[in-house]
$ cat entry_37.pdb   # PDB, C-alpha atoms and all ligand atoms
ATOM      1  CA  MET A 144     142.887  71.614 273.560
ATOM      2  CA  THR A 145     140.719  74.329 272.073
ATOM      3  CA  GLN A 146     140.558  78.102 272.197
ATOM      4  CA  VAL A 147     137.527  79.515 273.966
ATOM      5  CA  THR A 148     136.512  83.107 274.692
ATOM      6  CA  VAL A 149     134.422  83.644 277.804
ATOM      7  CA  VAL A 150     132.198  86.719 277.550
ATOM      8  CA  GLY A 151     130.782  87.968 280.858
ATOM      9  CA  LEU A 152     132.826  87.678 284.036
ATOM     10  CA  GLY A 153     130.222  87.676 286.797
ATOM     11  CA  PRO A 154     130.431  84.841 289.342
ATOM     12  CA  MET A 155     129.379  82.290 286.681
ATOM     13  CA  GLY A 156     131.511  83.459 283.750
ATOM     14  CA  SER A 157     134.606  83.880 285.937
ATOM     15  CA  THR A 158     134.236  80.347 287.277
ATOM     16  CA  MET A 159     133.651  79.026 283.751
ATOM     17  CA  ALA A 160     136.850  80.717 282.572
ATOM     18  CA  GLU A 161     138.774  79.243 285.516
ATOM     19  CA  THR A 162     137.301  75.818 284.769
ATOM     20  CA  PHE A 163     138.317  75.977 281.097
ATOM     21  CA  LEU A 164     141.820  77.064 282.146
ATOM     22  CA  ALA A 165     142.055  74.193 284.634
ATOM     23  CA  ALA A 166     141.008  71.791 281.863
ATOM     24  CA  GLY A 167     143.963  73.013 279.815
ATOM     25  CA  HIS A 168     142.131  75.123 277.238
ATOM     26  CA  GLU A 169     143.448  78.333 275.770
ATOM     27  CA  VAL A 170     141.132  80.922 277.305
ATOM     28  CA  ALA A 171     140.433  84.522 276.307
ATOM     29  CA  VAL A 172     138.166  86.646 278.519
ATOM     30  CA  TRP A 173     136.034  89.711 277.896
ATOM     31  CA  ASN A 174     133.787  91.692 280.196
ATOM     32  CA  ARG A 175     132.063  95.071 279.981
ATOM     33  CA  THR A 176     134.004  96.025 283.104
ATOM     34  CA  MET A 177     137.392  94.757 282.018
ATOM     35  CA  SER A 178     138.974  95.036 285.485
ATOM     36  CA  LYS A 179     137.170  91.785 286.379
ATOM     37  CA  ALA A 180     139.497  90.016 283.952
ATOM     38  CA  GLU A 181     142.578  90.667 286.141
ATOM     39  CA  PRO A 182     142.417  87.549 288.369
ATOM     40  CA  LEU A 183     141.881  85.368 285.286
ATOM     41  CA  VAL A 184     144.728  86.974 283.376
ATOM     42  CA  ALA A 185     146.889  86.234 286.426
ATOM     43  CA  LYS A 186     145.921  82.581 286.001
ATOM     44  CA  GLY A 187     146.871  82.484 282.327
ATOM     45  CA  ALA A 188     143.876  83.833 280.409
ATOM     46  CA  ARG A 189     144.330  86.300 277.570
ATOM     47  CA  ARG A 190     142.452  89.624 277.464
ATOM     48  CA  ALA A 191     140.207  89.401 274.404
ATOM     49  CA  ALA A 192     140.343  92.434 272.102
ATOM     50  CA  SER A 193     136.533  92.488 271.886
ATOM     51  CA  ALA A 194     133.560  90.317 272.826
ATOM     52  CA  ALA A 195     133.659  88.831 269.318
ATOM     53  CA  ASP A 196     137.357  87.895 269.505
ATOM     54  CA  GLY A 197     137.311  84.111 269.020
ATOM     55  CA  GLU A 198     135.647  81.282 267.111
ATOM     56  CA  LEU A 199     133.961  79.798 270.159
ATOM     57  CA  LEU A 200     132.319  82.395 272.433
ATOM     58  CA  VAL A 201     130.935  81.116 275.729
ATOM     59  CA  VAL A 202     128.635  83.840 277.056
ATOM     60  CA  SER A 203     127.381  84.165 280.631
ATOM     61  CA  GLN A 204     125.718  87.483 281.375
ATOM     62  CA  ILE A 205     122.654  88.825 283.159
ATOM     63  CA  GLY A 206     120.493  88.439 280.052
ATOM     64  CA  TYR A 207     120.417  88.501 276.264
ATOM     65  CA  GLN A 208     120.389  92.302 275.944
ATOM     66  CA  ALA A 209     123.899  92.189 277.406
ATOM     67  CA  MET A 210     124.994  89.961 274.496
ATOM     68  CA  TYR A 211     123.610  92.480 271.987
ATOM     69  CA  ASP A 212     125.303  95.332 273.857
ATOM     70  CA  SER A 213     128.610  93.430 274.019
ATOM     71  CA  LEU A 214     128.765  92.208 270.410
ATOM     72  CA  GLY A 215     127.375  95.403 268.929
ATOM     73  CA  ASP A 216     127.612  95.296 265.143
ATOM     74  CA  ALA A 217     130.527  92.831 265.000
ATOM     75  CA  ARG A 218     130.435  90.219 262.210
ATOM     76  CA  LEU A 219     130.306  86.654 263.499
ATOM     77  CA  ASP A 220     131.221  84.728 260.345
ATOM     78  CA  GLY A 221     132.085  81.166 261.327
ATOM     79  CA  THR A 222     131.669  81.947 265.030
ATOM     80  CA  VAL A 223     129.842  79.628 267.391
ATOM     81  CA  VAL A 224     128.188  81.488 270.256
ATOM     82  CA  VAL A 225     127.182  79.340 273.214
ATOM     83  CA  ASN A 226     125.061  81.508 275.483
ATOM     84  CA  LEU A 227     124.370  80.227 279.011
ATOM     85  CA  SER A 228     122.557  83.382 280.163
ATOM     86  CA  SER A 229     119.010  83.577 281.453
ATOM     87  CA  GLY A 230     116.249  84.786 279.122
ATOM     88  CA  THR A 231     112.812  83.855 277.853
ATOM     89  CA  PRO A 232     112.518  81.129 275.207
ATOM     90  CA  GLU A 233     111.271  83.757 272.713
ATOM     91  CA  GLU A 234     114.294  85.950 273.442
ATOM     92  CA  LEU A 235     116.549  82.974 272.743
ATOM     93  CA  ARG A 236     114.861  82.279 269.400
ATOM     94  CA  ALA A 237     115.211  85.936 268.400
ATOM     95  CA  ALA A 238     118.866  85.850 269.478
ATOM     96  CA  ALA A 239     119.451  82.785 267.259
ATOM     97  CA  ARG A 240     118.160  84.755 264.253
ATOM     98  CA  TRP A 241     120.282  87.765 265.262
ATOM     99  CA  VAL A 242     123.489  85.707 265.477
ATOM    100  CA  GLU A 243     122.661  83.934 262.207
ATOM    101  CA  GLY A 244     122.127  87.332 260.524
ATOM    102  CA  ARG A 245     125.739  88.163 261.400
ATOM    103  CA  GLY A 246     127.082  84.904 259.978
ATOM    104  CA  GLY A 247     127.359  82.904 263.224
ATOM    105  CA  VAL A 248     125.493  80.093 264.946
ATOM    106  CA  LEU A 249     123.879  80.264 268.382
ATOM    107  CA  VAL A 250     123.708  77.339 270.776
ATOM    108  CA  THR A 251     121.634  78.201 273.850
ATOM    109  CA  ALA A 252     122.034  76.719 277.290
ATOM    110  CA  GLY A 253     120.726  76.851 280.830
ATOM    111  CA  ILE A 254     123.211  75.707 283.447
ATOM    112  CA  MET A 255     121.777  74.022 286.514
ATOM    113  CA  VAL A 256     124.468  74.689 289.109
ATOM    114  CA  PRO A 257     125.732  77.765 290.989
ATOM    115  CA  PRO A 258     129.380  78.846 290.559
ATOM    116  CA  PRO A 259     130.922  76.370 293.044
ATOM    117  CA  GLY A 260     129.227  73.473 291.219
ATOM    118  CA  ILE A 261     130.620  74.277 287.764
ATOM    119  CA  GLY A 262     132.728  71.423 286.464
ATOM    120  CA  ARG A 263     131.960  69.261 289.518
ATOM    121  CA  PRO A 264     130.281  65.857 289.487
ATOM    122  CA  GLY A 265     126.526  66.249 289.037
ATOM    123  CA  ALA A 266     126.838  69.548 287.150
ATOM    124  CA  TYR A 267     124.888  69.757 283.912
ATOM    125  CA  ALA A 268     123.343  72.231 281.530
ATOM    126  CA  PHE A 269     120.442  71.979 279.093
ATOM    127  CA  TYR A 270     121.569  72.800 275.548
ATOM    128  CA  SER A 271     119.526  73.500 272.433
ATOM    129  CA  GLY A 272     120.316  74.455 268.856
ATOM    130  CA  PRO A 273     122.015  72.649 265.970
ATOM    131  CA  LYS A 274     123.272  69.316 267.301
ATOM    132  CA  ASP A 275     126.177  68.989 264.868
ATOM    133  CA  VAL A 276     127.545  72.340 266.066
ATOM    134  CA  LEU A 277     127.131  71.371 269.707
ATOM    135  CA  ASP A 278     128.779  68.005 269.036
ATOM    136  CA  ARG A 279     131.809  69.769 267.550
ATOM    137  CA  HIS A 280     132.342  71.644 270.815
ATOM    138  CA  ALA A 281     131.037  69.044 273.255
ATOM    139  CA  ALA A 282     134.499  67.996 274.409
ATOM    140  CA  THR A 283     135.287  71.600 275.406
ATOM    141  CA  LEU A 284     131.887  72.354 276.963
ATOM    142  CA  LYS A 285     131.971  69.148 279.015
ATOM    143  CA  ALA A 286     134.512  70.883 281.262
ATOM    144  CA  LEU A 287     131.550  72.843 282.689
ATOM    145  CA  GLY A 288     129.401  69.784 283.353
ATOM    146  CA  ASP A 289     127.370  67.173 281.549
ATOM    147  CA  ILE A 290     125.521  68.093 278.375
ATOM    148  CA  ALA A 291     121.758  67.534 278.327
ATOM    149  CA  TYR A 292     120.774  68.182 274.707
ATOM    150  CA  VAL A 293     117.050  68.938 274.503
ATOM    151  CA  GLY A 294     116.458  69.814 270.847
ATOM    152  CA  ALA A 295     117.145  71.977 267.814
ATOM    153  CA  ASP A 296     114.728  74.779 268.790
ATOM    154  CA  GLN A 297     116.969  77.319 270.555
ATOM    155  CA  GLY A 298     114.152  78.230 272.961
ATOM    156  CA  LEU A 299     114.091  74.769 274.518
ATOM    157  CA  ALA A 300     117.182  75.022 276.731
ATOM    158  CA  MET A 301     115.620  77.903 278.656
ATOM    159  CA  THR A 302     112.214  76.203 278.768
ATOM    160  CA  TYR A 303     113.762  73.195 280.530
ATOM    161  CA  TYR A 304     115.854  75.492 282.724
ATOM    162  CA  GLN A 305     112.819  77.505 283.794
ATOM    163  CA  ALA A 306     110.810  74.334 284.382
ATOM    164  CA  GLN A 307     113.500  73.223 286.827
ATOM    165  CA  LEU A 308     113.694  76.635 288.472
ATOM    166  CA  LEU A 309     109.927  76.798 288.998
ATOM    167  CA  VAL A 310     110.141  73.572 290.991
ATOM    168  CA  PHE A 311     113.290  74.798 292.776
ATOM    169  CA  TRP A 312     112.013  78.269 293.728
ATOM    170  CA  SER A 313     108.479  77.303 294.694
ATOM    171  CA  SER A 314     109.405  74.244 296.737
ATOM    172  CA  LEU A 315     112.199  76.061 298.573
ATOM    173  CA  THR A 316     109.981  79.096 299.242
ATOM    174  CA  SER A 317     107.330  76.801 300.706
ATOM    175  CA  TYR A 318     110.085  75.195 302.777
ATOM    176  CA  MET A 319     110.895  78.680 304.131
ATOM    177  CA  HIS A 320     107.221  79.206 305.038
ATOM    178  CA  ALA A 321     107.340  75.838 306.800
ATOM    179  CA  MET A 322     110.427  76.802 308.815
ATOM    180  CA  ALA A 323     108.886  80.194 309.692
ATOM    181  CA  LEU A 324     105.672  78.561 310.905
ATOM    182  CA  LEU A 325     107.609  76.040 313.000
ATOM    183  CA  SER A 326     109.838  78.765 314.448
ATOM    184  CA  ARG A 327     106.760  80.552 315.820
ATOM    185  CA  SER A 328     106.156  77.398 317.874
ATOM    186  CA  GLY A 329     109.771  77.307 319.009
ATOM    187  CA  VAL A 330     110.868  74.549 316.620
ATOM    188  CA  ALA A 331     114.380  75.075 315.257
ATOM    189  CA  PRO A 332     115.059  74.398 311.556
ATOM    190  CA  LYS A 333     117.403  71.532 312.359
ATOM    191  CA  GLU A 334     114.637  69.721 314.261
ATOM    192  CA  PHE A 335     112.444  69.744 311.156
ATOM    193  CA  LEU A 336     115.283  69.074 308.703
ATOM    194  CA  PRO A 337     115.137  65.236 308.770
ATOM    195  CA  TYR A 338     111.437  65.337 307.854
ATOM    196  CA  ALA A 339     111.994  67.924 305.110
ATOM    197  CA  LYS A 340     114.814  65.844 303.633
ATOM    198  CA  GLU A 341     112.664  62.737 303.685
ATOM    199  CA  LEU A 342     109.817  64.528 301.894
ATOM    200  CA  PHE A 343     112.101  65.968 299.187
ATOM    201  CA  THR A 344     113.491  62.461 298.615
ATOM    202  CA  LEU A 345     110.116  60.712 298.640
ATOM    203  CA  LEU A 346     108.579  63.142 296.130
ATOM    204  CA  GLY A 347     111.149  62.118 293.531
ATOM    205  CA  GLY A 348     111.010  58.412 294.378
ATOM    206  CA  ASP A 349     108.914  55.496 293.187
ATOM    207  CA  GLY A 350     106.802  54.852 296.296
ATOM    208  CA  PRO A 351     103.280  56.016 297.192
ATOM    209  CA  MET A 352     104.688  59.534 297.840
ATOM    210  CA  GLY A 353     106.500  59.637 294.491
ATOM    211  CA  PHE A 354     104.402  62.524 293.219
ATOM    212  CA  ALA A 355     106.846  63.713 290.558
ATOM    213  CA  GLY A 356     106.257  60.454 288.680
ATOM    214  CA  ILE A 357     102.615  60.083 289.701
ATOM    215  CA  LEU A 358     101.694  63.554 288.387
ATOM    216  CA  ALA A 359     103.670  63.060 285.152
ATOM    217  CA  ALA A 360     101.712  59.865 284.457
ATOM    218  CA  GLU A 361      98.410  61.511 285.372
ATOM    219  CA  VAL A 362      99.056  64.522 283.141
ATOM    220  CA  GLU A 363      99.968  62.224 280.224
ATOM    221  CA  ALA A 364      96.795  60.200 280.791
ATOM    222  CA  GLY A 365      94.608  63.287 281.388
ATOM    223  CA  HIS A 366      93.094  61.557 284.403
ATOM    224  CA  HIS A 367      93.477  62.616 288.046
ATOM    225  CA  PRO A 368      91.921  60.078 290.427
ATOM    226  CA  GLY A 369      90.871  61.643 293.714
ATOM    227  CA  GLU A 370      88.982  58.882 295.507
ATOM    228  CA  LEU A 371      91.571  58.593 298.293
ATOM    229  CA  ASN A 372      92.653  62.236 298.615
ATOM    230  CA  SER A 373      90.390  64.656 296.810
ATOM    231  CA  LEU A 374      91.368  68.134 295.729
ATOM    232  CA  HIS A 375      88.435  69.504 297.771
ATOM    233  CA  MET A 376      89.908  67.970 300.927
ATOM    234  CA  GLN A 377      93.321  69.456 300.044
ATOM    235  CA  ALA A 378      91.843  72.913 299.289
ATOM    236  CA  VAL A 379      90.274  72.916 302.770
ATOM    237  CA  GLY A 380      93.596  71.774 304.284
ATOM    238  CA  MET A 381      95.472  74.460 302.373
ATOM    239  CA  GLY A 382      93.035  77.028 303.801
ATOM    240  CA  HIS A 383      93.918  75.798 307.297
ATOM    241  CA  ALA A 384      97.640  76.152 306.529
ATOM    242  CA  VAL A 385      97.157  79.728 305.289
ATOM    243  CA  HIS A 386      95.167  80.574 308.429
ATOM    244  CA  ALA A 387      97.868  79.028 310.593
ATOM    245  CA  LEU A 388     100.486  81.242 308.920
ATOM    246  CA  ALA A 389      98.325  84.355 309.351
ATOM    247  CA  ASP A 390      97.570  83.479 313.004
ATOM    248  CA  ALA A 391     101.323  83.190 313.546
ATOM    249  CA  GLY A 392     101.821  86.709 312.125
ATOM    250  CA  LEU A 393     103.575  85.507 308.970
ATOM    251  CA  GLU A 394     103.195  86.641 305.379
ATOM    252  CA  THR A 395     101.032  84.462 303.144
ATOM    253  CA  THR A 396     101.435  85.565 299.503
ATOM    254  CA  VAL A 397     102.608  82.250 298.050
ATOM    255  CA  PRO A 398     100.482  79.898 300.202
ATOM    256  CA  GLY A 399      97.514  82.235 299.615
ATOM    257  CA  ALA A 400      98.046  81.981 295.855
ATOM    258  CA  LEU A 401      98.151  78.178 296.109
ATOM    259  CA  ARG A 402      94.920  78.211 298.083
ATOM    260  CA  ALA A 403      93.305  80.413 295.408
ATOM    261  CA  LEU A 404      94.416  77.993 292.692
ATOM    262  CA  PHE A 405      93.078  74.965 294.576
ATOM    263  CA  GLU A 406      89.793  76.727 295.359
ATOM    264  CA  ARG A 407      89.328  77.706 291.723
ATOM    265  CA  ALA A 408      89.722  74.083 290.592
ATOM    266  CA  ASP A 409      87.231  73.093 293.307
ATOM    267  CA  ALA A 410      84.788  75.844 292.269
ATOM    268  CA  GLU A 411      85.085  74.683 288.658
ATOM    269  CA  GLY A 412      83.621  71.353 289.774
ATOM    270  CA  ARG A 413      86.775  69.250 289.958
ATOM    271  CA  GLY A 414      86.982  68.980 293.754
ATOM    272  CA  HIS A 415      86.325  65.230 293.596
ATOM    273  CA  GLU A 416      89.439  64.732 291.419
ATOM    274  CA  GLY A 417      92.962  64.539 292.793
ATOM    275  CA  LEU A 418      95.572  67.290 293.246
ATOM    276  CA  GLY A 419      96.720  66.796 289.642
ATOM    277  CA  THR A 420      93.532  68.423 288.379
ATOM    278  CA  VAL A 421      95.119  71.762 289.333
ATOM    279  CA  ILE A 422      97.048  71.550 286.055
ATOM    280  CA  GLN A 423      93.742  72.097 284.233
ATOM    281  CA  SER A 424      93.423  75.474 285.987
ATOM    282  CA  ILE A 425      97.053  76.310 285.167
ATOM    283  CA  MET A 426      96.587  75.400 281.496
ATOM    284  CA  ASN A 427      93.396  77.481 281.286
ATOM    285  CA  PRO A 428      94.040  80.723 283.173
TER
HETATM  286  P1  LIG B 501     124.894  88.299 286.678
HETATM  287  O1  LIG B 501     123.622  87.666 286.251
HETATM  288  O2  LIG B 501     124.837  89.355 287.710
HETATM  289  O3  LIG B 501     125.617  88.857 285.349
HETATM  290  C1  LIG B 501     126.778  89.583 285.458
HETATM  291  C2  LIG B 501     127.434  89.761 284.116
HETATM  292  O4  LIG B 501     126.560  90.387 283.172
HETATM  293  C3  LIG B 501     128.655  90.666 284.266
HETATM  294  O5  LIG B 501     129.660  90.150 283.436
HETATM  295  C4  LIG B 501     128.118  92.003 283.771
HETATM  296  O6  LIG B 501     129.125  92.873 283.315
HETATM  297  C5  LIG B 501     127.270  91.497 282.620
HETATM  298  N1  LIG B 501     126.356  92.512 282.120
HETATM  299  C6  LIG B 501     125.209  92.960 282.681
HETATM  300  N2  LIG B 501     124.632  93.880 281.887
HETATM  301  C7  LIG B 501     125.434  94.020 280.802
HETATM  302  C8  LIG B 501     125.360  94.800 279.623
HETATM  303  N3  LIG B 501     124.332  95.611 279.386
HETATM  304  N4  LIG B 501     126.362  94.692 278.722
HETATM  305  C9  LIG B 501     127.395  93.852 278.932
HETATM  306  N5  LIG B 501     127.512  93.066 280.025
HETATM  307  C10 LIG B 501     126.542  93.154 280.950
HETATM  308  O7  LIG B 501     125.952  87.226 287.183
HETATM  309  P2  LIG B 501     126.068  85.650 287.286
HETATM  310  O8  LIG B 501     127.458  85.347 286.871
HETATM  311  O9  LIG B 501     125.604  85.215 288.630
HETATM  312  O10 LIG B 501     125.039  85.023 286.242
HETATM  313  C11 LIG B 501     125.303  84.963 284.849
HETATM  314  C12 LIG B 501     124.145  84.200 284.201
HETATM  315  O11 LIG B 501     124.125  82.864 284.706
HETATM  316  C13 LIG B 501     122.777  84.811 284.508
HETATM  317  O12 LIG B 501     122.003  84.794 283.329
HETATM  318  C14 LIG B 501     122.202  83.892 285.555
HETATM  319  O13 LIG B 501     120.780  83.818 285.522
HETATM  320  C15 LIG B 501     122.832  82.545 285.171
HETATM  321  N6  LIG B 501     122.966  81.611 286.295
HETATM  322  C16 LIG B 501     123.489  82.054 287.487
HETATM  323  C17 LIG B 501     123.653  81.160 288.526
HETATM  324  C18 LIG B 501     124.250  81.603 289.821
HETATM  325  O14 LIG B 501     124.144  80.864 290.802
HETATM  326  N7  LIG B 501     124.904  82.751 289.892
HETATM  327  C19 LIG B 501     123.266  79.739 288.405
HETATM  328  C20 LIG B 501     122.789  79.375 287.079
HETATM  329  C21 LIG B 501     122.643  80.291 286.077
HETATM  330  P3  LIG B 501     129.792  93.912 284.355
HETATM  331  O15 LIG B 501     130.761  93.114 285.173
HETATM  332  O16 LIG B 501     130.441  94.907 283.479
HETATM  333  O17 LIG B 501     128.684  94.493 285.194
END
$ encode --input "entry_37.pdb" --output "structure tokens"
Amino acid sequence: MTQVTVVGLGPMGSTMAETFLAAGHEVAVWNRTMSKAEPLVAKGARRAASAADGELLVVSQIGYQAMYDSLGDARLDGTVVVNLSSGTPEELRAAARWVEGRGGVLVTAGIMVPPPGIGRPGAYAFYSGPKDVLDRHAATLKALGDIAYVGADQGLAMTYYQAQLLVFWSSLTSYMHAMALLSRSGVAPKEFLPYAKELFTLLGGDGPMGFAGILAAEVEAGHHPGELNSLHMQAVGMGHAVHALADAGLETTVPGALRALFERADAEGRGHEGLGTVIQSIMNP
């Protein structure tokens, strides 16, 4: 079993430390507010002398500035820093250079589960950075969940992570608009739930509603057939949905933005193409 120092003891870092302990690793913990270490120390973790106390640092903080603040001017010779915090891909690349300048190596990661999911079946994180370094610590990191290695460029882990979150946030926010609209007509969320579940499942499937796959193929081919369901038709329908929300006294920021995006693609002369043509507007703001 290996020695691992967990830096950052918010809900994620604390659960990571507990998970490493449960897997039998020797765990040291460090947090800006050190009192948060108490429950972990009670479970067998050691209080790290500093954030840089260890050869494998697993960092989970609000963002990358917190890592700079925590490590300060410490040398990191021979240290592997695995940072699972949120940031922009450019911030991650700059952080890789910063760690390297202090003699260490940075592996970046974006973990795709909330605290209760850490270490459970289905948990995974995107990792990027030097593969040989990740491979050396894979057995330890696997305690947190599966490893999805996405490339040597340290910015990639967060790019994949944000790609997933864009789908997550926007689809769930639209789902909330849907429930709000239905509630104005007296429909309870649980009455709509079976239909929502079916749609979420179908979108990721292989059938005629399998739009995750359909759009990926269309984007690769650069061709968005719209003979059967044109973007123009969908822009008009989206306008009706936004009006329905407004008539029901609901807020319309996100659906209104979608309508604007659809209408722009239509106004640019691509209304006869399919929904996938919207990516052209996104790629050319
Ligand atoms: P937070 O994002 O709220 O981060 C809290 C941690 O950041 C604490 O340890 C806090 O220290 C530390 N921190 C903040 N600012 C500084 C600073 N300037 N210097 C040193 N430490 C600092 O908590 P979470 O645990 O929820 O999230 C951790 C990371 O995991 C985030 O990047 C988040 O995006 C990501 N994530 C979170 C998920 C979730 O469901 N919670 C799911 C997937 C990823 P202190 O205790 O002293 O305030």
$ residues_around --input "entry_37.pdb" --residues "Glu233 of chain A" --least-positions-apart "5" --cutoff "10 Å" --atoms "only C-alpha atoms" --output "JSON, numbers by chain"
{"A": [238, 239, 297, 298, 299, 301, 302]}
$ closest_residue --input "entry_37.pdb" --among "A:Val385, A:Val223, A:Leu214, A:Leu345" --to "Val397 of chain A" --atoms "only C-alpha atoms"
A:Val385
$ closest_residue --input "entry_37.pdb" --among "A:Met376, A:Val170, A:Val242, A:Ala165" --to "Val149 of chain A" --atoms "all atoms listed in the file"
A:Val170
$ axis_aligned_box --input "entry_37.pdb" --around "ligand LIG 501 (chain B)" --padding-each-side "3 Å" --output "AutoDock Vina command-line options"
--center_x 125.8 --center_y 87.5 --center_z 284.8 --size_x 16.0 --size_y 22.2 --size_z 18.1
$ resolve_selection --input "entry_37.pdb" --expression "the PyMOL selection byres (((chain A and resi 398) around 12) and not hetatm)" --output "PDB file with C-alpha atoms, in the frame of the given file"
ATOM      1  CA  SER A 313     108.479  77.303 294.694  1.00  0.00           C
ATOM      2  CA  SER A 314     109.405  74.244 296.737  1.00  0.00           C
ATOM      3  CA  THR A 316     109.981  79.096 299.242  1.00  0.00           C
ATOM      4  CA  SER A 317     107.330  76.801 300.706  1.00  0.00           C
ATOM      5  CA  TYR A 318     110.085  75.195 302.777  1.00  0.00           C
ATOM      6  CA  MET A 319     110.895  78.680 304.131  1.00  0.00           C
ATOM      7  CA  HIS A 320     107.221  79.206 305.038  1.00  0.00           C
ATOM      8  CA  ALA A 321     107.340  75.838 306.800  1.00  0.00           C
ATOM      9  CA  LEU A 324     105.672  78.561 310.905  1.00  0.00           C
ATOM     10  CA  ALA A 378      91.843  72.913 299.289  1.00  0.00           C
ATOM     11  CA  GLY A 380      93.596  71.774 304.284  1.00  0.00           C
ATOM     12  CA  MET A 381      95.472  74.460 302.373  1.00  0.00           C
ATOM     13  CA  GLY A 382      93.035  77.028 303.801  1.00  0.00           C
ATOM     14  CA  HIS A 383      93.918  75.798 307.297  1.00  0.00           C
ATOM     15  CA  ALA A 384      97.640  76.152 306.529  1.00  0.00           C
ATOM     16  CA  VAL A 385      97.157  79.728 305.289  1.00  0.00           C
ATOM     17  CA  HIS A 386      95.167  80.574 308.429  1.00  0.00           C
ATOM     18  CA  ALA A 387      97.868  79.028 310.593  1.00  0.00           C
ATOM     19  CA  LEU A 388     100.486  81.242 308.920  1.00  0.00           C
ATOM     20  CA  ALA A 389      98.325  84.355 309.351  1.00  0.00           C
ATOM     21  CA  LEU A 393     103.575  85.507 308.970  1.00  0.00           C
ATOM     22  CA  GLU A 394     103.195  86.641 305.379  1.00  0.00           C
ATOM     23  CA  THR A 395     101.032  84.462 303.144  1.00  0.00           C
ATOM     24  CA  THR A 396     101.435  85.565 299.503  1.00  0.00           C
ATOM     25  CA  VAL A 397     102.608  82.250 298.050  1.00  0.00           C
ATOM     26  CA  GLY A 399      97.514  82.235 299.615  1.00  0.00           C
ATOM     27  CA  ALA A 400      98.046  81.981 295.855  1.00  0.00           C
ATOM     28  CA  LEU A 401      98.151  78.178 296.109  1.00  0.00           C
ATOM     29  CA  ARG A 402      94.920  78.211 298.083  1.00  0.00           C
ATOM     30  CA  ALA A 403      93.305  80.413 295.408  1.00  0.00           C
ATOM     31  CA  LEU A 404      94.416  77.993 292.692  1.00  0.00           C
ATOM     32  CA  PHE A 405      93.078  74.965 294.576  1.00  0.00           C
TER      33      PHE A 405
END
$ atom_distance --input "entry_37.pdb" --atom1 "atom CA of His367 of chain A" --atom2 "atom CA of Val421 of chain A"
9.4 Å
$ residues_around --input "entry_37.pdb" --residues "Leu152 of chain A" --least-positions-apart "4" --cutoff "10 Å" --atoms "only C-alpha atoms" --output "MDAnalysis selection string"
chainID A and resid 156:160 172:180 183 202:204
$ resolve_selection --input "entry_37.pdb" --expression "the PyMOL selection byres (((chain A and resi 197) around 12) and not hetatm)" --output "ChimeraX atom specification"
/A:145-150,169-173,189-196,198-202,214,217-225,247
$ residues_around --input "entry_37.pdb" --residues "Gln307 of chain A" --least-positions-apart "6" --cutoff "12 Å" --atoms "all atoms listed in the file" --output "MDAnalysis selection string"
chainID A and resid 253:256 268:269 300:301 313:314
$ atom_distance --input "entry_37.pdb" --atom1 "atom CA of Gly230 of chain A" --atom2 "atom CA of Phe163 of chain A"
23.8 Å
$ closest_residue --input "entry_37.pdb" --among "A:Asp275, A:Glu161, A:Asp212, A:Asp289" --to "ligand LIG 501 (chain B)" --atoms "all atoms listed in the file"
A:Asp212
$ closest_residue --input "entry_37.pdb" --among "A:Ala209, A:Ala166, A:Val293, A:Leu336" --to "Gly151 of chain A" --atoms "all atoms listed in the file"
A:Ala209
$ closest_atom_pairs --input "entry_37.pdb" --of "segment 283-391 of chain A" --to "segment 411-418 of chain A" --cutoff "12 Å" --atoms "all atoms listed in the file" --output "tab-separated table"
residue	atom	partner	partner_atom	distance
A:Phe354	CA	A:Leu418	CA	10.0
A:Ile357	CA	A:Leu418	CA	10.7
A:Leu358	CA	A:Leu418	CA	8.7
A:Glu361	CA	A:Gly417	CA	9.7
A:Val362	CA	A:Leu418	CA	11.0
A:Gly365	CA	A:Glu416	CA	11.4
A:His366	CA	A:Glu416	CA	8.5
A:His367	CA	A:Gly417	CA	5.1
A:Pro368	CA	A:Gly417	CA	5.2
A:Gly369	CA	A:Gly417	CA	3.7
A:Glu370	CA	A:His415	CA	7.1
A:Leu371	CA	A:Gly417	CA	8.2
A:Asn372	CA	A:Gly417	CA	6.3
A:Ser373	CA	A:Gly417	CA	4.8
A:Leu374	CA	A:Gly414	CA	4.9
A:His375	CA	A:Gly414	CA	4.3
A:Met376	CA	A:Gly414	CA	7.8
A:Gln377	CA	A:Leu418	CA	7.5
A:Ala378	CA	A:Gly414	CA	8.4
A:Val379	CA	A:Gly414	CA	10.4
A:Met381	CA	A:Leu418	CA	11.6
$ residues_around --input "entry_37.pdb" --residues "Gly262 of chain A" --least-positions-apart "2" --cutoff "6 Å" --atoms "all atoms listed in the file" --output "list in words"
Ala286, Leu287 and Gly288 of chain A
$ closest_residue --input "entry_37.pdb" --among "A:Ser271, A:Ser328, A:Gln305, A:Thr162" --to "ligand LIG 501 (chain B)" --atoms "all atoms listed in the file"
A:Gln305
$ atom_distance --input "entry_37.pdb" --atom1 "atom CA of Glu363 of chain A" --atom2 "atom CA of Glu341 of chain A"
26.7 Å
$ closest_residue --input "entry_37.pdb" --among "A:Phe343, A:Gly419, A:Gly167, A:Met322" --to "Ala364 of chain A" --atoms "only C-alpha atoms"
A:Gly419
$ resolve_selection --input "entry_37.pdb" --expression "the PyMOL selection byres (((chain A and resi 274) around 9) and not hetatm)" --output "list in words"
Val250, Ser271, Gly272, Pro273, Asp275, Val276, Leu277, Asp278, Arg279, Tyr292, Gly294 and Ala295 of chain A
